[in-house]
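This is model07.pdb. It holds PDB, C-alpha atoms.
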MODEL        1
ATOM      1  CA  MET A   1     -26.181  -0.577  10.436
ATOM      2  CA  HIS A   2     -22.538  -0.896  11.402
ATOM      3  CA  ARG A   3     -21.366   2.405  12.914
ATOM      4  CA  VAL A   4     -17.867   3.586  11.954
ATOM      5  CA  VAL A   5     -16.437   6.560  13.830
ATOM      6  CA  ALA A   6     -13.212   8.233  12.704
ATOM      7  CA  LEU A   7     -11.141   9.873  15.421
ATOM      8  CA  VAL A   8      -9.281  12.904  14.034
ATOM      9  CA  ARG A   9      -6.800  15.398  15.412
ATOM     10  CA  PRO A  10      -5.049  18.511  14.105
ATOM     11  CA  VAL A  11      -3.374  18.548  11.677
ATOM     12  CA  GLN A  12      -5.562  15.869  10.083
ATOM     13  CA  SER A  13      -4.648  14.244   6.761
ATOM     14  CA  THR A  14      -7.537  14.813   4.383
ATOM     15  CA  PHE A  15      -6.527  11.876   2.218
ATOM     16  CA  GLU A  16      -6.460   9.302   4.991
ATOM     17  CA  LEU A  17      -9.794  10.498   6.340
ATOM     18  CA  GLY A  18     -11.113  10.567   2.784
ATOM     19  CA  VAL A  19     -10.164   6.912   2.311
ATOM     20  CA  ALA A  20     -12.423   5.926   5.201
ATOM     21  CA  ALA A  21     -15.216   8.222   4.030
ATOM     22  CA  GLU A  22     -15.089   6.843   0.477
ATOM     23  CA  VAL A  23     -15.469   3.263   1.671
ATOM     24  CA  PHE A  24     -17.836   3.669   4.615
ATOM     25  CA  ALA A  25     -19.733   6.921   4.038
ATOM     26  CA  THR A  26     -20.162   7.792   0.361
ATOM     27  CA  PRO A  27     -23.632   6.866  -1.002
ATOM     28  CA  ARG A  28     -23.595   5.151  -4.406
ATOM     29  CA  ALA A  29     -26.569   4.541  -6.688
ATOM     30  CA  GLY A  30     -27.541   0.897  -6.848
ATOM     31  CA  ILE A  31     -25.333  -0.164  -3.924
ATOM     32  CA  PRO A  32     -27.008  -0.756  -0.568
ATOM     33  CA  GLY A  33     -25.477   1.107   2.366
ATOM     34  CA  HIS A  34     -24.402  -0.995   5.319
ATOM     35  CA  TYR A  35     -22.504   1.596   7.347
ATOM     36  CA  GLU A  36     -23.123   4.763   9.299
ATOM     37  CA  PHE A  37     -20.142   7.113   9.433
ATOM     38  CA  ALA A  38     -19.252   9.887  11.861
ATOM     39  CA  VAL A  39     -16.195  11.950  12.731
ATOM     40  CA  CYS A  40     -15.150  12.922  16.244
ATOM     41  CA  ALA A  41     -12.270  14.664  17.979
ATOM     42  CA  GLU A  42     -11.067  15.068  21.533
ATOM     43  CA  THR A  43     -12.386  18.628  21.377
ATOM     44  CA  PRO A  44     -15.314  19.209  18.971
ATOM     45  CA  GLY A  45     -15.133  22.204  16.682
ATOM     46  CA  PRO A  46     -12.738  23.297  13.936
ATOM     47  CA  VAL A  47      -9.868  20.884  13.239
ATOM     48  CA  ALA A  48      -6.993  21.983  11.020
ATOM     49  CA  THR A  49      -6.164  19.772   8.034
ATOM     50  CA  THR A  50      -3.181  19.147   5.791
ATOM     51  CA  ALA A  51      -5.129  20.768   2.930
ATOM     52  CA  GLY A  52      -4.940  24.152   4.617
ATOM     53  CA  TYR A  53      -8.536  24.470   5.730
ATOM     54  CA  ALA A  54     -10.276  23.657   8.993
ATOM     55  CA  MET A  55     -13.121  21.168   9.068
ATOM     56  CA  ALA A  56     -16.000  21.334  11.521
ATOM     57  CA  VAL A  57     -16.121  18.227  13.734
ATOM     58  CA  PRO A  58     -19.430  18.044  15.615
ATOM     59  CA  HIS A  59     -18.740  15.147  17.972
ATOM     60  CA  GLY A  60     -16.460  14.600  20.936
ATOM     61  CA  LEU A  61     -15.107  11.357  22.354
ATOM     62  CA  GLU A  62     -18.592  10.310  23.466
ATOM     63  CA  ALA A  63     -19.187   9.248  19.835
ATOM     64  CA  LEU A  64     -16.812   6.332  20.395
ATOM     65  CA  GLU A  65     -19.193   4.883  22.976
ATOM     66  CA  THR A  66     -21.588   3.734  20.225
ATOM     67  CA  ALA A  67     -19.025   2.839  17.552
ATOM     68  CA  ASP A  68     -18.765  -0.666  16.125
ATOM     69  CA  THR A  69     -15.509   0.313  14.430
ATOM     70  CA  VAL A  70     -13.205   3.078  15.644
ATOM     71  CA  LEU A  71     -10.879   4.289  12.909
ATOM     72  CA  VAL A  72      -7.770   6.435  13.413
ATOM     73  CA  PRO A  73      -6.939   7.911   9.965
ATOM     74  CA  GLY A  74      -3.355   8.940  10.676
ATOM     75  CA  TRP A  75      -1.601  10.480  13.655
ATOM     76  CA  ALA A  76       0.629  13.470  12.955
ATOM     77  CA  PRO A  77       3.145  14.150  14.117
ATOM     78  CA  VAL A  78       3.712  10.520  15.018
ATOM     79  CA  GLU A  79       5.630  11.601  18.116
ATOM     80  CA  ALA A  80       2.552  13.364  19.528
ATOM     81  CA  PRO A  81       1.544  11.811  22.867
ATOM     82  CA  LEU A  82      -1.815  10.140  23.266
ATOM     83  CA  PRO A  83      -4.009  12.313  25.513
ATOM     84  CA  VAL A  84      -5.291  10.558  28.621
ATOM     85  CA  GLY A  85      -8.913  11.013  27.604
ATOM     86  CA  VAL A  86      -8.311   9.617  24.114
ATOM     87  CA  ARG A  87      -6.447   6.608  25.477
ATOM     88  CA  ARG A  88      -9.223   5.920  27.954
ATOM     89  CA  ALA A  89     -11.885   6.183  25.234
ATOM     90  CA  LEU A  90     -10.023   3.841  22.887
ATOM     91  CA  LEU A  91      -9.495   1.237  25.596
ATOM     92  CA  ALA A  92     -13.131   1.475  26.653
ATOM     93  CA  ALA A  93     -14.319   1.010  23.069
ATOM     94  CA  HIS A  94     -12.083  -2.031  22.668
ATOM     95  CA  ALA A  95     -13.198  -3.503  25.976
ATOM     96  CA  ARG A  96     -16.861  -3.437  24.939
ATOM     97  CA  GLY A  97     -16.068  -5.132  21.617
ATOM     98  CA  ALA A  98     -15.493  -2.325  19.102
ATOM     99  CA  ARG A  99     -13.003  -2.965  16.308
ATOM    100  CA  LEU A 100     -10.026  -0.557  16.338
ATOM    101  CA  VAL A 101      -8.546   0.252  12.933
ATOM    102  CA  THR A 102      -5.678   2.518  11.901
ATOM    103  CA  ILE A 103      -4.499   3.894   8.583
ATOM    104  CA  CYS A 104      -0.796   4.592   8.069
ATOM    105  CA  SER A 105       0.620   6.614  11.007
ATOM    106  CA  GLY A 106      -2.531   6.031  13.065
ATOM    107  CA  VAL A 107      -0.796   2.902  14.353
ATOM    108  CA  PHE A 108       1.352   5.104  16.621
ATOM    109  CA  ALA A 109      -1.765   6.163  18.520
ATOM    110  CA  LEU A 110      -2.984   2.584  18.834
ATOM    111  CA  ALA A 111       0.448   1.376  19.939
ATOM    112  CA  ARG A 112       0.372   3.882  22.805
ATOM    113  CA  THR A 113      -2.703   2.156  24.218
ATOM    114  CA  GLY A 114      -0.711  -1.059  24.702
ATOM    115  CA  LEU A 115      -3.234  -3.052  22.654
ATOM    116  CA  LEU A 116      -0.578  -3.988  20.101
ATOM    117  CA  ASP A 117       1.935  -5.346  22.627
ATOM    118  CA  GLY A 118       2.918  -8.871  21.673
ATOM    119  CA  ARG A 119       1.084  -8.608  18.347
ATOM    120  CA  SER A 120       1.987  -7.794  14.765
ATOM    121  CA  ALA A 121       1.219  -4.481  13.088
ATOM    122  CA  THR A 122       2.260  -2.454  10.078
ATOM    123  CA  THR A 123       2.638   1.142   8.953
ATOM    124  CA  HIS A 124       4.171   3.074   6.063
ATOM    125  CA  TRP A 125       7.548   1.577   5.128
ATOM    126  CA  ALA A 126       9.286   4.880   5.929
ATOM    127  CA  ARG A 127       8.011   4.725   9.539
ATOM    128  CA  ALA A 128       8.516   1.022  10.188
ATOM    129  CA  ASP A 129      11.906   1.373  11.875
ATOM    130  CA  GLN A 130      10.650   4.192  14.087
ATOM    131  CA  LEU A 131       7.632   2.135  15.122
ATOM    132  CA  ARG A 132       9.916  -0.789  15.951
ATOM    133  CA  ARG A 133      12.242   1.401  18.026
ATOM    134  CA  GLU A 134       9.515   3.154  19.993
ATOM    135  CA  PHE A 135       7.409   0.051  20.598
ATOM    136  CA  PRO A 136       9.724  -2.961  20.908
ATOM    137  CA  LYS A 137       6.842  -5.129  22.138
ATOM    138  CA  VAL A 138       5.103  -4.722  18.772
ATOM    139  CA  SER A 139       6.105  -7.095  15.968
ATOM    140  CA  VAL A 140       6.386  -4.745  12.994
ATOM    141  CA  GLU A 141       5.712  -6.209   9.534
ATOM    142  CA  PRO A 142       7.031  -3.573   7.112
ATOM    143  CA  ASP A 143       6.204  -5.374   3.865
ATOM    144  CA  VAL A 144       2.491  -6.167   4.161
ATOM    145  CA  LEU A 145      -0.360  -3.863   3.136
ATOM    146  CA  TYR A 146      -2.348  -4.520   6.311
ATOM    147  CA  VAL A 147      -2.566  -6.707   9.400
ATOM    148  CA  ASP A 148      -5.950  -7.743  10.810
ATOM    149  CA  HIS A 149      -6.325  -9.459  14.180
ATOM    150  CA  GLY A 150     -10.093  -9.124  14.242
ATOM    151  CA  ASP A 151     -10.304  -6.718  17.172
ATOM    152  CA  VAL A 152      -7.466  -4.483  15.951
ATOM    153  CA  ALA A 153      -6.230  -3.857  12.420
ATOM    154  CA  THR A 154      -3.487  -1.669  10.953
ATOM    155  CA  SER A 155      -2.649  -0.608   7.407
ATOM    156  CA  ALA A 156       0.516   0.480   5.656
ATOM    157  CA  GLY A 157       0.758   3.811   3.825
ATOM    158  CA  ALA A 158      -2.303   5.940   3.179
ATOM    159  CA  GLY A 159      -3.171   4.186  -0.086
ATOM    160  CA  ALA A 160      -3.124   0.843   1.728
ATOM    161  CA  GLY A 161      -5.995   2.211   3.800
ATOM    162  CA  PHE A 162      -8.209   1.324   0.840
ATOM    163  CA  ASP A 163      -6.902  -2.237   0.934
ATOM    164  CA  LEU A 164      -7.633  -2.585   4.634
ATOM    165  CA  CYS A 165     -11.063  -0.922   4.495
ATOM    166  CA  LEU A 166     -12.148  -3.091   1.563
ATOM    167  CA  HIS A 167     -10.846  -6.130   3.427
ATOM    168  CA  LEU A 168     -13.038  -5.193   6.389
ATOM    169  CA  VAL A 169     -16.044  -4.711   4.103
ATOM    170  CA  ARG A 170     -15.329  -8.133   2.611
ATOM    171  CA  LYS A 171     -15.312  -9.652   6.110
ATOM    172  CA  ASP A 172     -18.488  -7.830   7.113
ATOM    173  CA  HIS A 173     -20.601  -8.306   3.986
ATOM    174  CA  GLY A 174     -18.887 -10.737   1.633
ATOM    175  CA  ALA A 175     -16.583 -10.642  -1.365
ATOM    176  CA  ALA A 176     -19.290  -9.783  -3.900
ATOM    177  CA  TYR A 177     -20.337  -6.624  -2.060
ATOM    178  CA  ALA A 178     -16.704  -5.542  -1.561
ATOM    179  CA  ALA A 179     -15.965  -6.120  -5.250
ATOM    180  CA  LEU A 180     -19.003  -4.057  -6.268
ATOM    181  CA  LEU A 181     -17.880  -1.220  -4.019
ATOM    182  CA  ALA A 182     -14.323  -1.411  -5.353
ATOM    183  CA  ARG A 183     -15.573  -1.351  -8.939
ATOM    184  CA  HIS A 184     -17.451   1.887  -8.293
ATOM    185  CA  MET A 185     -14.265   3.418  -6.840
ATOM    186  CA  VAL A 186     -12.257   2.071  -9.822
ATOM    187  CA  LEU A 187     -10.011   0.136  -7.453
ATOM    188  CA  PRO A 188      -8.918  -3.495  -7.345
ATOM    189  CA  PRO A 189     -10.902  -5.370  -4.682
ATOM    190  CA  HIS A 190      -7.669  -7.003  -3.577
ATOM    191  CA  ARG A 191      -4.058  -6.104  -4.373
ATOM    192  CA  GLU A 192      -1.378  -8.765  -4.556
ATOM    193  CA  GLY A 193       2.001  -8.276  -2.929
ATOM    194  CA  GLY A 194       3.140  -5.953  -0.209
ATOM    195  CA  GLN A 195       4.888  -2.642   0.350
ATOM    196  CA  ALA A 196       8.247  -3.790  -1.007
ATOM    197  CA  GLN A 197       7.062  -3.150  -4.564
ATOM    198  CA  TYR A 198       6.594   0.549  -3.696
ATOM    199  CA  ALA A 199       9.424   1.187  -1.254
ATOM    200  CA  PRO A 200      12.905   2.032  -2.560
ATOM    201  CA  PRO A 201      15.394  -0.825  -2.424
ATOM    202  CA  PRO A 202      17.173  -1.186   0.918
ATOM    203  CA  ASP A 203      20.737  -0.031   1.325
ATOM    204  CA  PRO A 204      23.032  -2.406  -0.564
ATOM    205  CA  ASP A 205      24.115  -5.261   1.633
ATOM    206  CA  ASP A 206      24.572  -7.923  -1.017
ATOM    207  CA  GLY A 207      27.327  -6.990  -3.414
ATOM    208  CA  GLU A 208      26.789 -10.129  -5.486
ATOM    209  CA  LEU A 209      23.120  -9.335  -6.118
ATOM    210  CA  ASP A 210      23.904  -5.702  -6.936
ATOM    211  CA  GLY A 211      26.423  -6.936  -9.483
ATOM    212  CA  LEU A 212      23.874  -9.310 -10.974
ATOM    213  CA  LEU A 213      21.307  -6.520 -11.389
ATOM    214  CA  GLU A 214      23.855  -4.395 -13.206
ATOM    215  CA  TRP A 215      24.985  -7.332 -15.339
ATOM    216  CA  ALA A 216      21.439  -8.271 -16.299
ATOM    217  CA  GLY A 217      20.421  -4.671 -16.923
ATOM    218  CA  ALA A 218      23.185  -4.338 -19.498
ATOM    219  CA  ARG A 219      21.985  -7.484 -21.311
ATOM    220  CA  LEU A 220      18.256  -6.881 -21.659
ATOM    221  CA  GLY A 221      18.515  -7.430 -25.410
ATOM    222  CA  THR A 222      19.553 -11.037 -24.896
ATOM    223  CA  PRO A 223      17.154 -13.888 -24.045
ATOM    224  CA  LEU A 224      18.171 -14.134 -20.385
ATOM    225  CA  SER A 225      16.485 -16.784 -18.281
ATOM    226  CA  VAL A 226      16.157 -17.138 -14.515
ATOM    227  CA  GLY A 227      18.457 -20.132 -14.767
ATOM    228  CA  GLU A 228      21.133 -17.980 -16.420
ATOM    229  CA  LEU A 229      20.762 -15.332 -13.728
ATOM    230  CA  ALA A 230      21.218 -17.977 -11.041
ATOM    231  CA  ALA A 231      24.173 -19.504 -12.893
ATOM    232  CA  HIS A 232      25.870 -16.103 -13.046
ATOM    233  CA  LEU A 233      25.902 -16.062  -9.222
ATOM    234  CA  ASN A 234      26.610 -19.798  -9.043
ATOM    235  CA  VAL A 235      23.477 -20.388  -6.933
ATOM    236  CA  SER A 236      20.319 -22.399  -7.456
ATOM    237  CA  PRO A 237      17.203 -20.744  -8.909
ATOM    238  CA  ARG A 238      15.521 -21.277  -5.532
ATOM    239  CA  THR A 239      18.294 -19.431  -3.678
ATOM    240  CA  LEU A 240      18.166 -16.635  -6.243
ATOM    241  CA  ALA A 241      14.390 -16.337  -5.806
ATOM    242  CA  ARG A 242      14.821 -16.042  -2.045
ATOM    243  CA  ARG A 243      17.426 -13.274  -2.428
ATOM    244  CA  PHE A 244      15.172 -11.344  -4.796
ATOM    245  CA  ALA A 245      12.226 -11.707  -2.434
ATOM    246  CA  ASP A 246      14.302 -10.531   0.549
ATOM    247  CA  ARG A 247      15.916  -7.582  -1.228
ATOM    248  CA  LEU A 248      13.361  -6.497  -3.828
ATOM    249  CA  GLY A 249      10.071  -8.089  -2.837
ATOM    250  CA  THR A 250       9.643  -9.739  -6.222
ATOM    251  CA  SER A 251      10.795 -12.731  -8.262
ATOM    252  CA  PRO A 252      13.758 -12.755 -10.701
ATOM    253  CA  GLY A 253      11.442 -13.315 -13.653
ATOM    254  CA  ALA A 254       9.095 -10.493 -12.670
ATOM    255  CA  TRP A 255      12.038  -8.138 -12.079
ATOM    256  CA  LEU A 256      13.517  -8.959 -15.482
ATOM    257  CA  LEU A 257      10.200  -8.404 -17.255
ATOM    258  CA  ALA A 258       9.693  -5.102 -15.438
ATOM    259  CA  ARG A 259      13.150  -3.944 -16.550
ATOM    260  CA  ARG A 260      12.415  -4.912 -20.157
ATOM    261  CA  VAL A 261       9.129  -2.992 -20.180
ATOM    262  CA  ALA A 262      10.782   0.009 -18.484
ATOM    263  CA  ALA A 263      13.481   0.018 -21.154
ATOM    264  CA  ALA A 264      10.799  -0.175 -23.853
ATOM    265  CA  ARG A 265       9.039   2.836 -22.353
ATOM    266  CA  THR A 266      12.270   4.841 -22.482
ATOM    267  CA  LEU A 267      12.856   3.924 -26.132
ATOM    268  CA  LEU A 268       9.266   4.814 -27.036
ATOM    269  CA  GLU A 269       9.687   8.194 -25.348
ATOM    270  CA  GLU A 270      13.137   9.048 -26.683
ATOM    271  CA  THR A 271      13.521   7.400 -30.114
ATOM    272  CA  ASP A 272      11.671   6.844 -33.394
ATOM    273  CA  LEU A 273      12.538   3.156 -33.482
ATOM    274  CA  PRO A 274       9.704   0.939 -34.715
ATOM    275  CA  VAL A 275       8.022  -1.335 -32.220
ATOM    276  CA  GLU A 276       9.645  -4.426 -33.746
ATOM    277  CA  ALA A 277      13.118  -2.975 -33.237
ATOM    278  CA  ILE A 278      12.328  -1.933 -29.661
ATOM    279  CA  ALA A 279      11.047  -5.432 -28.871
ATOM    280  CA  ALA A 280      14.305  -6.928 -30.082
ATOM    281  CA  ARG A 281      16.423  -4.373 -28.256
ATOM    282  CA  VAL A 282      14.794  -5.017 -24.861
ATOM    283  CA  GLY A 283      14.674  -8.804 -25.247
ATOM    284  CA  LEU A 284      10.946  -9.288 -25.792
ATOM    285  CA  ALA A 285      11.550 -11.027 -29.119
ATOM    286  CA  SER A 286       8.592  -9.751 -31.150
ATOM    287  CA  ALA A 287       6.250  -6.805 -31.506
ATOM    288  CA  VAL A 288       3.347  -9.078 -30.564
ATOM    289  CA  ASN A 289       5.031 -10.045 -27.281
ATOM    290  CA  LEU A 290       5.970  -6.443 -26.538
ATOM    291  CA  ARG A 291       2.394  -5.254 -27.120
ATOM    292  CA  ARG A 292       1.003  -7.975 -24.851
ATOM    293  CA  ARG A 293       3.483  -7.387 -22.042
ATOM    294  CA  PHE A 294       3.183  -3.613 -22.408
ATOM    295  CA  ARG A 295      -0.587  -3.690 -22.095
ATOM    296  CA  GLU A 296      -0.353  -5.983 -19.051
ATOM    297  CA  ARG A 297       2.114  -3.685 -17.285
ATOM    298  CA  VAL A 298       1.224  -0.199 -18.509
ATOM    299  CA  GLY A 299      -2.435  -0.593 -19.442
ATOM    300  CA  THR A 300      -2.125   0.745 -22.983
ATOM    301  CA  THR A 301      -0.443  -0.009 -26.315
ATOM    302  CA  PRO A 302       3.113   1.017 -27.230
ATOM    303  CA  GLY A 303       1.726   3.227 -30.006
ATOM    304  CA  ALA A 304      -0.679   5.051 -27.713
ATOM    305  CA  TYR A 305       2.039   5.427 -25.094
ATOM    306  CA  ARG A 306       4.446   6.932 -27.643
ATOM    307  CA  ARG A 307       1.829   9.422 -28.831
ATOM    308  CA  ALA A 308       1.228  10.530 -25.243
ATOM    309  CA  PHE A 309       4.809  10.658 -23.988
ATOM    310  CA  ARG A 310       7.100  11.055 -26.998
ATOM    311  CA  ALA A 311       9.479  13.919 -26.266
ATOM    312  CA  PRO A 312       9.187  16.736 -28.821
TER     313      PRO A 312
ENDMDL
END
This entry written out as structure tokens:
Amino acid sequence: MHRVVALVRPVQSTFELGVAAEVFATPRAGIPGHYEFAVCAETPGPVATTAGYAMAVPHGLEALETADTVLVPGWAPVEAPLPVGVRRALLAAHARGARLVTICSGVFALARTGLLDGRSATTHWARADQLRREFPKVSVEPDVLYVDHGDVATSAGAGAGFDLCLHLVRKDHGAAYAALLARHMVLPPHREGGQAQYAPPPDPDDGELDGLLEWAGARLGTPLSVGELAAHLNVSPRTLARRFADRLGTSPGAWLLARRVAAARTLLEETDLPVEAIAARVGLASAVNLRRRFRERVGTTPGAYRRAFRAP
């Protein structure tokens, strides 16, 4: 059995700890268990949580001495120093071959050990600049969901902890087992893309692209193509794709489709227009195409969506 030990501190995020517990600790009928899971703290006893209650932590840092994976499920506040004893225990665990894993802000604790110097790491997009400033020797990758070096691994925001933990399960026990576990948690076994799809757009620094987005957004009812978008800026489709990837973390075609579906959702919520008329208005040509794209993006039909969200 692979032993996973989560190192917590007050005030501990219940969600980030829960991510680790769901993947490594929760028993599920029909799925063999491959992990043992324990929780420890620098000082055993009650540990305050973000949910407003204190949890009883039975183990101290000695639990890390037998861990195969040491997991730090967040570190709040991120400015909190790393106690000498905790740093020593983390370095000792790493030296004897344990895997060190962090979720979201937990990377700040790991960075203070020096184990990330000269290596890449990630964290929540809102903390990426702070991590880069405080630890200039760490190569911060703000767009990815996780970074795994084998001996150390870091994840982006709390939800990306699932992505990293399932990735580790996949490495440990194969894709089929990880997919079975993900299915029971009603999660995708692997998410495409990175954090850019969830983070707000960066501050405008490309007036031409901002103008294109506004221009295209006002013409959703027309059959715009990626070539026409590129021609509007007088650039090649390849250059346009690079600008979209840099600024928005997506492709021009995917952005345009997302805008069309978003506009359709608004019309379904706010008007009584038939589906055929909405399809034409947002540039999806036909009710059949709108239904297909809507189900792909939203997971339901336009009719069901309207019944659920139509404003009275």
Written as a list in words, what is the full residue list that the PyMOL selection byres ((chain A and resi 113) around 12) yields on the file shown?
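For this structure, the PyMOL selection byres ((chain A and resi 113) around 12) captures Pro81, Leu82, Pro83, Val84, Gly85, Val86, Arg87, Arg88, Ala89, Leu90, Leu91, Ala92, Ala93, His94, Leu100, Gly106, Val107, Phe108, Ala109, Leu110, Ala111, Arg112, Gly114, Leu115, Leu116, Asp117, Phe135, Val138 and Val152 of chain A.
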Residues within 8 Å of (-4.3, 17.6, 6.0), file coords, all atoms listed in the file, listed as a list in words: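 Every residue inside that radius is included here: Val11, Gln12, Ser13, Thr14, Phe15, Ala48, Thr49, Thr50, Ala51 and Gly52 of chain A.
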Using all atoms listed in the file, determine which residues lie at most 12 Å from Ala254 of chain A, disregarding the query and same-chain residues fewer than 4 positions distant; provide the list as a PyMOL selection string. chain A and resi 197+225-226+241+244-245+248-250+258-261+293+297
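Shortest atom-to-atom contact with Arg281 of chain A among A:Thr222, A:Thr26, A:Ser251, A:Thr239: A:Thr222, counting all atoms listed in the file.
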Report task. Please write as a PyMOL selection string the full residue list that the PyMOL selection byres ((chain A and resi 266) around 12) yields on this file. Result -> chain A and resi 259-265+267-273+278+281-282+302+305-306+309-311
Restricting it to C-alpha atoms, dump the selection as an mmCIF file, keeping the file's coordinate frame.
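Dumped everything to out.cif:
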data_model
loop_
_atom_site.group_PDB
_atom_site.id
_atom_site.type_symbol
_atom_site.label_atom_id
_atom_site.label_comp_id
_atom_site.auth_asym_id
_atom_site.auth_seq_id
_atom_site.Cartn_x
_atom_site.Cartn_y
_atom_site.Cartn_z
ATOM 1 C CA ARG A 259 13.150 -3.944 -16.550
ATOM 2 C CA ARG A 260 12.415 -4.912 -20.157
ATOM 3 C CA VAL A 261 9.129 -2.992 -20.180
ATOM 4 C CA ALA A 262 10.782 0.009 -18.484
ATOM 5 C CA ALA A 263 13.481 0.018 -21.154
ATOM 6 C CA ALA A 264 10.799 -0.175 -23.853
ATOM 7 C CA ARG A 265 9.039 2.836 -22.353
ATOM 8 C CA LEU A 267 12.856 3.924 -26.132
ATOM 9 C CA LEU A 268 9.266 4.814 -27.036
ATOM 10 C CA GLU A 269 9.687 8.194 -25.348
ATOM 11 C CA GLU A 270 13.137 9.048 -26.683
ATOM 12 C CA THR A 271 13.521 7.400 -30.114
ATOM 13 C CA ASP A 272 11.671 6.844 -33.394
ATOM 14 C CA LEU A 273 12.538 3.156 -33.482
ATOM 15 C CA ILE A 278 12.328 -1.933 -29.661
ATOM 16 C CA ARG A 281 16.423 -4.373 -28.256
ATOM 17 C CA VAL A 282 14.794 -5.017 -24.861
ATOM 18 C CA PRO A 302 3.113 1.017 -27.230
ATOM 19 C CA TYR A 305 2.039 5.427 -25.094
ATOM 20 C CA ARG A 306 4.446 6.932 -27.643
ATOM 21 C CA PHE A 309 4.809 10.658 -23.988
ATOM 22 C CA ARG A 310 7.100 11.055 -26.998
ATOM 23 C CA ALA A 311 9.479 13.919 -26.266
#
Taking all atoms listed in the file into account, which of A:Glu276, A:Glu296, A:Asp163, A:Glu65 comes nearest Leu187 of chain A?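 Among the listed residues, the smallest separation from Leu187 of chain A belongs to A:Asp163.
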Q.
Please expand the PyMOL selection byres ((chain A and resi 182) around 12) into the concrete residues it hits in this file, giving the result as a list in words.
A. Glu22, Val23, Phe24, Arg28, Ile31, Phe162, Asp163, Cys165, Leu166, His167, Val169, Arg170, Ala175, Ala176, Tyr177, Ala178, Ala179, Leu180, Leu181, Arg183, His184, Met185, Val186, Leu187, Pro188, Pro189, His190 and Arg191 of chain A
With C-alpha atoms kept, could you save the residues just selected as an mmCIF file, in the frame of the given file?
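Output file again_18.cif is given in full below:
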data_model
loop_
_atom_site.group_PDB
_atom_site.id
_atom_site.type_symbol
_atom_site.label_atom_id
_atom_site.label_comp_id
_atom_site.auth_asym_id
_atom_site.auth_seq_id
_atom_site.Cartn_x
_atom_site.Cartn_y
_atom_site.Cartn_z
ATOM 1 C CA GLU A 22 -15.089 6.843 0.477
ATOM 2 C CA VAL A 23 -15.469 3.263 1.671
ATOM 3 C CA PHE A 24 -17.836 3.669 4.615
ATOM 4 C CA ARG A 28 -23.595 5.151 -4.406
ATOM 5 C CA ILE A 31 -25.333 -0.164 -3.924
ATOM 6 C CA PHE A 162 -8.209 1.324 0.840
ATOM 7 C CA ASP A 163 -6.902 -2.237 0.934
ATOM 8 C CA CYS A 165 -11.063 -0.922 4.495
ATOM 9 C CA LEU A 166 -12.148 -3.091 1.563
ATOM 10 C CA HIS A 167 -10.846 -6.130 3.427
ATOM 11 C CA VAL A 169 -16.044 -4.711 4.103
ATOM 12 C CA ARG A 170 -15.329 -8.133 2.611
ATOM 13 C CA ALA A 175 -16.583 -10.642 -1.365
ATOM 14 C CA ALA A 176 -19.290 -9.783 -3.900
ATOM 15 C CA TYR A 177 -20.337 -6.624 -2.060
ATOM 16 C CA ALA A 178 -16.704 -5.542 -1.561
ATOM 17 C CA ALA A 179 -15.965 -6.120 -5.250
ATOM 18 C CA LEU A 180 -19.003 -4.057 -6.268
ATOM 19 C CA LEU A 181 -17.880 -1.220 -4.019
ATOM 20 C CA ARG A 183 -15.573 -1.351 -8.939
ATOM 21 C CA HIS A 184 -17.451 1.887 -8.293
ATOM 22 C CA MET A 185 -14.265 3.418 -6.840
ATOM 23 C CA VAL A 186 -12.257 2.071 -9.822
ATOM 24 C CA LEU A 187 -10.011 0.136 -7.453
ATOM 25 C CA PRO A 188 -8.918 -3.495 -7.345
ATOM 26 C CA PRO A 189 -10.902 -5.370 -4.682
ATOM 27 C CA HIS A 190 -7.669 -7.003 -3.577
ATOM 28 C CA ARG A 191 -4.058 -6.104 -4.373
#
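Here the question is which of A:Ala67, A:Asp210, A:Ala25, A:Ser139 gets nearest to Arg96 of chain A using only C-alpha atoms, and that residue is A:Ala67.
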Computed gap from atom CA of Pro252 of chain A to atom CA of Ala280 of chain A is 20.2 Å
Exercise. Which neighbours of Val147 of chain A fall inside 6 Å, counting only C-alpha atoms, when residues of the same chain fewer than 3 positions from it are skipped, and could you give them as a list in words?
Worked result: Ala121, Ala153 and Thr154 of chain A
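The space separating atom CA of Gly217 of chain A from atom CA of Leu256 of chain A comes to 8.3 Å.
The nearest approach to Pro237 of chain A among the residues A:Pro73, A:Pro223, A:Pro46, A:Gly253, with all atoms listed in the file taken into account, belongs to A:Gly253.
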- request: Have a look at atom CA of Leu131 of chain A and atom CA of Thr69 of chain A and let me know their distance in Å, one decimal.
  value: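 So the two atoms, atom CA of Leu131 of chain A and atom CA of Thr69 of chain A, lie 23.2 Å apart.
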Pick out the residues sitting within 7 Å of Ala158 of chain A, and hand them over as a PyMOL selection string; count only C-alpha atoms, and ignore anything fewer than 2 positions along from it in its own chain. chain A and resi 16+103-104+156+160-161
Legend entry - Residues within 8 Å of Pro58 of chain A, all atoms listed in the file, excluding chain neighbours under 4 positions, as number ranges by chain: A: 39-40, 44-45
**Prompt:** Is there a way to get, as a PyMOL selection string, all residues within 9 Å of the point (-11.6, -8.6, 13.1) in file coordinates, counting all atoms listed in the file?
**Reply:** chain A and resi 99-100+148-153+168+171
Quick one: write out the picked residues with C-alpha atoms as a PDB file, in the frame of the given file?
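Final output, again.pdb:
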ATOM      1  CA  ARG A  99     -13.003  -2.965  16.308  1.00  0.00           C
ATOM      2  CA  LEU A 100     -10.026  -0.557  16.338  1.00  0.00           C
ATOM      3  CA  ASP A 148      -5.950  -7.743  10.810  1.00  0.00           C
ATOM      4  CA  HIS A 149      -6.325  -9.459  14.180  1.00  0.00           C
ATOM      5  CA  GLY A 150     -10.093  -9.124  14.242  1.00  0.00           C
ATOM      6  CA  ASP A 151     -10.304  -6.718  17.172  1.00  0.00           C
ATOM      7  CA  VAL A 152      -7.466  -4.483  15.951  1.00  0.00           C
ATOM      8  CA  ALA A 153      -6.230  -3.857  12.420  1.00  0.00           C
ATOM      9  CA  LEU A 168     -13.038  -5.193   6.389  1.00  0.00           C
ATOM     10  CA  LYS A 171     -15.312  -9.652   6.110  1.00  0.00           C
TER      11      LYS A 171
END
